[in-house]
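Here's the structure, in structure tokens; my notes come after.
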Amino acid sequence: MDNDRTKRGIVIEDDWPGYSLDLFTYPEHYHTDIECVYIPHGVIMDRIERLARYVMQDFGDNNIMVLCVLKGGYKFCSDLVESIKVLGRNSNKYLETRVEFIRLKSYLNDQSTEDLHIIGSRDLSFLRGKSVLIVEAIVDTGKTMKALLKHVETFEPKMVKVAGLLVKRVPHMAEGLTDYVGFEIPNHFVVGYALDYNEYFRDLNHICVISKTGKLKYKV
Ligand code: HPA
Ligand code: MG
């Protein structure tokens with residue numbers, strides 16, 4: 001059954017070393033830049049399938065207005081929406097899903113900067129009265145998500161839920177902010193599956209831990 005534990009996500013413990021790189025394939029140009037495969041692409045996809053089910057249960061008959069947080073959220077969003085559609089087809093329960101994009105920026109190198117910038121989105125007043133699903137790749141302190149939620153609430157949507165593929169265990173992590181969590185991970189900087197380090201590594205399918213070499217090579 002679904003309960004708080006399953007919705008908290010698959011918990012990856014602090015001592016999880018990841019999988020050795022030579023067990024998987026990945027773009028050759030990154031071979032010195034990553035330490036390990038932390039979450040293989042297939043596992044990500046399987047977990048997303050389960051998240052789609054939670055979403056379907058909670059949204060009931062309401063059409064879903066998906067708000068995808070770019071750039072990191074684009075793969076998660078696309079795979080989650082696809083999973084929701086497949087579930088709908090297989091259960092004869094078609095929800096309309098509409099996707100809108102919002103762009104935020106708060107990271108330079110591997111450090112969070114203080115301020116939240118909404119750097120690309122049209123007027124969000126179309127959210128009024130809608131059932132909104134915010135789709136974000138990674139939530140850590142939750143500062144960004146809290147600011148975004150507050151902003152979204154000003155448009156008076158009918159309901160708002162948050163899907164986060166990854167939630168990081170950091171000091172003062174925001175409990176209960178993310179309704180659908182893929183994985184809870186230790187406080188490592190990870191890349192791949194659209195997560196970047198200064199715009200690199202988005203083309204990596206697995207979620208990986210970046211190496212010292214990688215951090216230096218792509219530092220700005
Ligand atoms: N990787 C990539 N982008 C991020 C991360 C991370 O671990 N945390 C916040 N933004
Ligand atoms: Mg980034």
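We label chains A, B, ... in the order they appear in the structure tokens, count residues from 1 in each chain, and number ligands from 1 in the order shown.
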
Could you give me, as a Markdown table, every chain A residue with an atom at most 10 Å from ligand 1, plus its closest atom pair and distance in Å to one decimal, counting only C-alpha atoms and all ligand atoms, rows ordered by chain then number?
```
| residue | atom | partner | partner_atom_place_in_ligand_line | distance |
| --- | --- | --- | --- | --- |
| A:Lys71 | CA | ligand 1 | 3 (N) | 9.7 |
| A:Gly72 | CA | ligand 1 | 3 (N) | 7.1 |
| A:Lys105 | CA | ligand 1 | 10 (N) | 9.0 |
| A:Ser106 | CA | ligand 1 | 10 (N) | 7.8 |
| A:Tyr107 | CA | ligand 1 | 10 (N) | 6.2 |
| A:Leu108 | CA | ligand 1 | 10 (N) | 9.0 |
| A:Asn109 | CA | ligand 1 | 3 (N) | 8.9 |
| A:Asp110 | CA | ligand 1 | 5 (C) | 6.9 |
| A:Gln111 | CA | ligand 1 | 9 (C) | 7.8 |
| A:Ser112 | CA | ligand 1 | 9 (C) | 6.9 |
| A:Ala137 | CA | ligand 1 | 10 (N) | 8.2 |
| A:Ile138 | CA | ligand 1 | 9 (C) | 6.0 |
| A:Val139 | CA | ligand 1 | 9 (C) | 7.0 |
| A:Asp140 | CA | ligand 1 | 8 (N) | 6.7 |
| A:Thr141 | CA | ligand 1 | 9 (C) | 9.3 |
| A:Thr144 | CA | ligand 1 | 9 (C) | 9.9 |
| A:Leu166 | CA | ligand 1 | 7 (O) | 8.8 |
| A:Val167 | CA | ligand 1 | 8 (N) | 9.1 |
| A:Lys168 | CA | ligand 1 | 8 (N) | 8.0 |
| A:Ile185 | CA | ligand 1 | 7 (O) | 9.5 |
| A:Pro186 | CA | ligand 1 | 7 (O) | 9.7 |
| A:Asn187 | CA | ligand 1 | 7 (O) | 7.7 |
| A:His188 | CA | ligand 1 | 7 (O) | 6.0 |
| A:Phe189 | CA | ligand 1 | 7 (O) | 3.5 |
| A:Val190 | CA | ligand 1 | 7 (O) | 4.1 |
| A:Val191 | CA | ligand 1 | 1 (N) | 5.0 |
| A:Gly192 | CA | ligand 1 | 2 (C) | 8.0 |
| A:Tyr193 | CA | ligand 1 | 2 (C) | 9.7 |
| A:Ala194 | CA | ligand 1 | 2 (C) | 8.5 |
| A:Leu195 | CA | ligand 1 | 2 (C) | 4.7 |
| A:Asp196 | CA | ligand 1 | 2 (C) | 4.9 |
| A:Tyr197 | CA | ligand 1 | 2 (C) | 5.8 |
| A:Asn198 | CA | ligand 1 | 3 (N) | 8.7 |
| A:Glu199 | CA | ligand 1 | 2 (C) | 9.3 |
| A:Tyr200 | CA | ligand 1 | 2 (C) | 9.8 |
| A:Phe201 | CA | ligand 1 | 2 (C) | 9.2 |
| A:Arg202 | CA | ligand 1 | 2 (C) | 9.3 |
| A:Ile207 | CA | ligand 1 | 1 (N) | 9.2 |
| A:Cys208 | CA | ligand 1 | 1 (N) | 9.3 |
| A:Val209 | CA | ligand 1 | 7 (O) | 8.5 |
| A:Ile210 | CA | ligand 1 | 1 (N) | 9.0 |
```

Keeping C-alpha atoms, export the residues of the selection given above as a PDB file, in the first residue's frame.
```
ATOM      1  CA  LYS A  71      16.336  23.037 -17.415  1.00  0.00           C
ATOM      2  CA  GLY A  72      17.011  20.160 -15.024  1.00  0.00           C
ATOM      3  CA  LYS A 105      18.462  29.605 -11.821  1.00  0.00           C
ATOM      4  CA  SER A 106      20.128  29.441  -8.435  1.00  0.00           C
ATOM      5  CA  TYR A 107      23.351  27.439  -8.898  1.00  0.00           C
ATOM      6  CA  LEU A 108      26.865  28.424  -9.948  1.00  0.00           C
ATOM      7  CA  ASN A 109      29.446  25.611 -10.043  1.00  0.00           C
ATOM      8  CA  ASP A 110      28.141  23.291  -7.321  1.00  0.00           C
ATOM      9  CA  GLN A 111      27.013  26.039  -4.957  1.00  0.00           C
ATOM     10  CA  SER A 112      23.565  27.405  -4.370  1.00  0.00           C
ATOM     11  CA  ALA A 137      14.502  17.483 -10.744  1.00  0.00           C
ATOM     12  CA  ILE A 138      16.015  18.174  -7.355  1.00  0.00           C
ATOM     13  CA  VAL A 139      14.942  19.682  -4.061  1.00  0.00           C
ATOM     14  CA  ASP A 140      17.492  20.305  -1.305  1.00  0.00           C
ATOM     15  CA  THR A 141      16.952  23.057   1.255  1.00  0.00           C
ATOM     16  CA  THR A 144      13.696  27.580  -4.223  1.00  0.00           C
ATOM     17  CA  LEU A 166      15.578  13.711  -6.087  1.00  0.00           C
ATOM     18  CA  VAL A 167      15.377  15.090  -2.580  1.00  0.00           C
ATOM     19  CA  LYS A 168      18.689  15.695  -0.829  1.00  0.00           C
ATOM     20  CA  ILE A 185      19.833  10.938  -1.630  1.00  0.00           C
ATOM     21  CA  PRO A 186      22.775  12.036   0.537  1.00  0.00           C
ATOM     22  CA  ASN A 187      24.180  15.507   0.105  1.00  0.00           C
ATOM     23  CA  HIS A 188      26.298  14.766  -3.002  1.00  0.00           C
ATOM     24  CA  PHE A 189      26.425  16.821  -6.135  1.00  0.00           C
ATOM     25  CA  VAL A 190      24.997  14.607  -8.858  1.00  0.00           C
ATOM     26  CA  VAL A 191      24.713  15.029 -12.613  1.00  0.00           C
ATOM     27  CA  GLY A 192      23.011  13.376 -15.538  1.00  0.00           C
ATOM     28  CA  TYR A 193      19.415  12.759 -16.575  1.00  0.00           C
ATOM     29  CA  ALA A 194      19.233  16.490 -17.410  1.00  0.00           C
ATOM     30  CA  LEU A 195      20.984  17.596 -14.207  1.00  0.00           C
ATOM     31  CA  ASP A 196      24.004  19.713 -15.028  1.00  0.00           C
ATOM     32  CA  TYR A 197      27.242  21.053 -13.703  1.00  0.00           C
ATOM     33  CA  ASN A 198      27.655  24.391 -15.479  1.00  0.00           C
ATOM     34  CA  GLU A 199      25.564  23.043 -18.374  1.00  0.00           C
ATOM     35  CA  TYR A 200      27.642  19.861 -18.799  1.00  0.00           C
ATOM     36  CA  PHE A 201      26.408  16.290 -18.237  1.00  0.00           C
ATOM     37  CA  ARG A 202      22.791  16.834 -19.254  1.00  0.00           C
ATOM     38  CA  ILE A 207      22.460   9.911 -12.506  1.00  0.00           C
ATOM     39  CA  CYS A 208      26.148   9.958 -11.588  1.00  0.00           C
ATOM     40  CA  VAL A 209      28.491  11.471  -9.038  1.00  0.00           C
ATOM     41  CA  ILE A 210      30.909  13.930 -10.582  1.00  0.00           C
TER      42      ILE A 210
END
```

Counting only C-alpha atoms, what are the residues of stretch 157-179 of chain A within 12 Å of stretch 36-60 of chain A, and for each of them which pair of atoms is the nearest and at what distance in Å, to one decimal? Sort the table by chain and rising number, as a Markdown table.
```
| residue | atom | partner | partner_atom | distance |
| --- | --- | --- | --- | --- |
| A:Lys158 | CA | A:Phe59 | CA | 10.9 |
| A:Met159 | CA | A:Phe59 | CA | 9.0 |
| A:Val160 | CA | A:Phe59 | CA | 9.9 |
| A:Lys161 | CA | A:Val55 | CA | 8.7 |
| A:Val162 | CA | A:Val55 | CA | 9.8 |
| A:Ala163 | CA | A:Leu51 | CA | 8.2 |
| A:Gly164 | CA | A:Leu51 | CA | 9.8 |
| A:Leu165 | CA | A:Ile48 | CA | 8.1 |
| A:Leu166 | CA | A:Ile44 | CA | 10.1 |
| A:Thr178 | CA | A:Leu51 | CA | 11.9 |
| A:Asp179 | CA | A:Val55 | CA | 9.2 |
```

With N, CA and C atoms retained, could you export that selection as a compact mmCIF listing (two decimals), in the first residue's frame?
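Dumped to out37.txt:
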```txt
# COMPACT_ATOMS: atom_id res chain seq x y z
N LYS A 158 -6.49 25.52 -8.14
CA LYS A 158 -7.39 24.67 -7.35
C LYS A 158 -6.59 23.81 -6.38
N MET A 159 -5.53 23.22 -6.87
CA MET A 159 -4.61 22.48 -6.01
C MET A 159 -3.20 22.52 -6.59
N VAL A 160 -2.21 22.32 -5.73
CA VAL A 160 -0.82 22.28 -6.19
C VAL A 160 -0.11 21.10 -5.54
N LYS A 161 0.53 20.27 -6.34
CA LYS A 161 1.36 19.18 -5.82
C LYS A 161 2.75 19.34 -6.41
N VAL A 162 3.73 18.79 -5.70
CA VAL A 162 5.11 18.90 -6.15
C VAL A 162 5.70 17.50 -6.35
N ALA A 163 6.25 17.27 -7.54
CA ALA A 163 7.00 16.04 -7.79
C ALA A 163 8.48 16.40 -7.89
N GLY A 164 9.30 15.72 -7.09
CA GLY A 164 10.74 15.94 -7.13
C GLY A 164 11.42 14.61 -7.37
N LEU A 165 12.20 14.52 -8.43
CA LEU A 165 12.86 13.24 -8.69
C LEU A 165 13.83 12.91 -7.57
N LEU A 166 14.61 13.91 -7.16
CA LEU A 166 15.58 13.71 -6.09
C LEU A 166 15.31 14.70 -4.96
N THR A 178 7.71 18.13 -0.79
CA THR A 178 7.60 17.38 -2.04
C THR A 178 6.61 16.23 -1.85
N ASP A 179 5.54 16.25 -2.63
CA ASP A 179 4.51 15.23 -2.47
C ASP A 179 4.91 13.89 -3.06
```

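Here atom CA of A:Leu177 is placed at a distance of 25.2 Å from atom CA of A:Asp15.
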
Q | Proximity to A:Phe155 - best of A:Ile10, A:Val132, A:Ile119, A:Leu80, only C-alpha atoms | A | A:Val132

Q: Run DSSP on the backbone and give me the residues of stretch 45-202 of chain A it puts in strand (DSSP E or B), as a PyMOL selection string.
A: chain A and resi 64-70+97-108+111-120+131-139+159-168+180-185+190-192+195+197+200

Q.
Need to verify the contact set: A:Arg128, 9 Å, only C-alpha atoms, exclusion of same-chain residues closer than 4 positions in sequence. Can you return it as a list in words?
A. Leu124, Glu153, Thr154, Phe155, Glu156, Pro157 and Lys158 of chain A

Could you write out the selected residues, including N, CA and C atoms, as an mmCIF file, in the first residue's frame?
```
data_model
loop_
_atom_site.group_PDB
_atom_site.id
_atom_site.type_symbol
_atom_site.label_atom_id
_atom_site.label_comp_id
_atom_site.auth_asym_id
_atom_site.auth_seq_id
_atom_site.Cartn_x
_atom_site.Cartn_y
_atom_site.Cartn_z
ATOM 1 N N LEU A 124 1.736 33.703 -15.514
ATOM 2 C CA LEU A 124 1.206 32.438 -15.017
ATOM 3 C C LEU A 124 -0.271 32.501 -14.624
ATOM 4 N N GLU A 153 0.938 30.044 -5.790
ATOM 5 C CA GLU A 153 -0.295 30.213 -4.997
ATOM 6 C C GLU A 153 -0.973 31.565 -5.244
ATOM 7 N N THR A 154 -0.194 32.567 -5.597
ATOM 8 C CA THR A 154 -0.798 33.881 -5.825
ATOM 9 C C THR A 154 -1.775 33.860 -7.010
ATOM 10 N N PHE A 155 -1.668 32.852 -7.872
ATOM 11 C CA PHE A 155 -2.583 32.757 -9.020
ATOM 12 C C PHE A 155 -3.826 31.919 -8.701
ATOM 13 N N GLU A 156 -3.957 31.516 -7.435
ATOM 14 C CA GLU A 156 -5.117 30.785 -6.941
ATOM 15 C C GLU A 156 -5.492 29.551 -7.757
ATOM 16 N N PRO A 157 -4.566 28.611 -7.840
ATOM 17 C CA PRO A 157 -4.912 27.334 -8.481
ATOM 18 C C PRO A 157 -5.834 26.528 -7.566
ATOM 19 N N LYS A 158 -6.492 25.521 -8.142
ATOM 20 C CA LYS A 158 -7.394 24.675 -7.351
ATOM 21 C C LYS A 158 -6.585 23.813 -6.383
#
```

Q.
When you look at A:Phe101 with a cut-off of 12 Å (counting only C-alpha atoms), what residues show up, excluding the ones that are within fewer than 3 positions of it in the same chain? I need them as a list of chain:residue names.
A.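 Here the answer would be A:Met65, A:Val66, A:Leu67, A:Cys68, A:Val69, A:Leu70, A:Lys71, A:Gly72, A:Gly73, A:Tyr74, A:Cys77, A:Ser78, A:Arg98, A:Leu104, A:Ile118, A:Ile119, A:Gly120, A:Ser121, A:Arg122, A:Asp123, A:Leu124, A:Leu133, A:Ile134, A:Val135, A:Glu136.
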
(Q) Would you compute the distance between atom CA of A:Gly18 and atom CA of A:Ser83? Give it in Å to one decimal. (A) 26.1 Å

For A:Thr213, work out the shell of residues within 9 Å, counting only C-alpha atoms and skipping chain neighbours fewer than 6 positions away, then give it as a short mmCIF file (atom, residue, chain, number, x, y, z; two decimals) with N, CA and C atoms, in the first residue's frame.
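Produced file result-v9.cif, reproduced below:
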```cif
data_model
loop_
_atom_site.label_atom_id
_atom_site.label_comp_id
_atom_site.auth_asym_id
_atom_site.auth_seq_id
_atom_site.Cartn_x
_atom_site.Cartn_y
_atom_site.Cartn_z
N THR A 32 36.53 10.38 -17.48
CA THR A 32 37.31 10.76 -16.29
C THR A 32 36.53 11.71 -15.38
N ASP A 33 35.35 12.08 -15.81
CA ASP A 33 34.64 13.18 -15.13
C ASP A 33 33.59 12.72 -14.14
N ILE A 34 33.31 11.42 -14.12
CA ILE A 34 32.34 10.90 -13.16
C ILE A 34 32.96 9.76 -12.35
#
```

(Q) I'd like to know which residues of stretch 15-203 of chain A are helix (DSSP H, G or I) (by DSSP, run on the backbone); could you write them as a PyMOL selection string? (A) chain A and resi 21-23+28-30+41-59+74-91+124-127+143-153

Q: Record the distance separating atom CA of A:Ser125 and atom CA of A:Val152, expressed in Å with one decimal.
A: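 Interatomic distance here is 9.0 Å.
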